[in-house]
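This report concerns only the one structure given below.
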Amino acid sequence: MSTLIEPALLEILACPSCHSPLREDVDAGELVCTDSTCALAYPVRDHIPVLLIDEARKAA
């Protein structure tokens with residue numbers, strides 16, 4: 001299975017907006033907040049997560 005970022009890094013990353021854990025959406029190339037009320041999706045560019053709220057979109 002392909003990953004966007006290293007698993008060890010994913011374990012320590014949190015949503016900048018609500019501080020919930022993030023999960024990978026490999027097909028979309030994003031990290032998605034696991035909090036259903038927040039649900040922001042952050043892009044990953046060249047294996048680097050862009051964890052800026054202004055760059056995030058509301059996940060479906």
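We name chains A, B, ... following the order of the structure tokens; residues begin at 1 in each chain, and ligands are numbered from 1 as shown.
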Applying 12 Å and only C-alpha atoms, which residues near Ala28 in chain A remain after dropping the ones on its own chain fewer than 4 positions away? List them as an MDAnalysis selection string. chainID A and resid 3:4 23:24 32 41:45 57 59:60
Mind writing the picked residues with C-alpha atoms as an mmCIF file, in the first residue's frame?
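So result10.cif came out as:
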```cif
data_model
loop_
_atom_site.group_PDB
_atom_site.id
_atom_site.type_symbol
_atom_site.label_atom_id
_atom_site.label_comp_id
_atom_site.auth_asym_id
_atom_site.auth_seq_id
_atom_site.Cartn_x
_atom_site.Cartn_y
_atom_site.Cartn_z
ATOM 1 C CA THR A 3 1.417 6.160 1.694
ATOM 2 C CA LEU A 4 1.614 9.919 1.449
ATOM 3 C CA ARG A 23 -5.847 10.078 8.507
ATOM 4 C CA GLU A 24 -4.489 9.637 5.010
ATOM 5 C CA VAL A 32 -8.148 14.422 6.615
ATOM 6 C CA ALA A 41 -8.662 18.023 4.405
ATOM 7 C CA TYR A 42 -5.071 19.228 4.092
ATOM 8 C CA PRO A 43 -3.092 18.741 0.885
ATOM 9 C CA VAL A 44 0.142 16.755 0.751
ATOM 10 C CA ARG A 45 2.620 18.075 -1.809
ATOM 11 C CA ARG A 57 -10.863 22.328 2.279
ATOM 12 C CA ALA A 59 -13.933 17.107 3.284
ATOM 13 C CA ALA A 60 -17.112 15.549 1.901
#
```
Could you check which of A:Leu22, A:Leu13, A:Leu31, A:Ala8 is closest to Glu55 in chain A, using only C-alpha atoms?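 The answer is A:Leu31, which sits nearest to Glu55 in chain A.
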I need the strand (DSSP E or B) residues of chain A per DSSP on the backbone, written as a list in words. Ala14, Pro21, Leu22, Arg23, Glu24, Asp25, Glu30, Leu31, Val32, Cys33, Leu40, Ala41, Tyr42, Pro43, Val44, Arg45, Ile48, Pro49, Arg57 and Lys58 of chain A
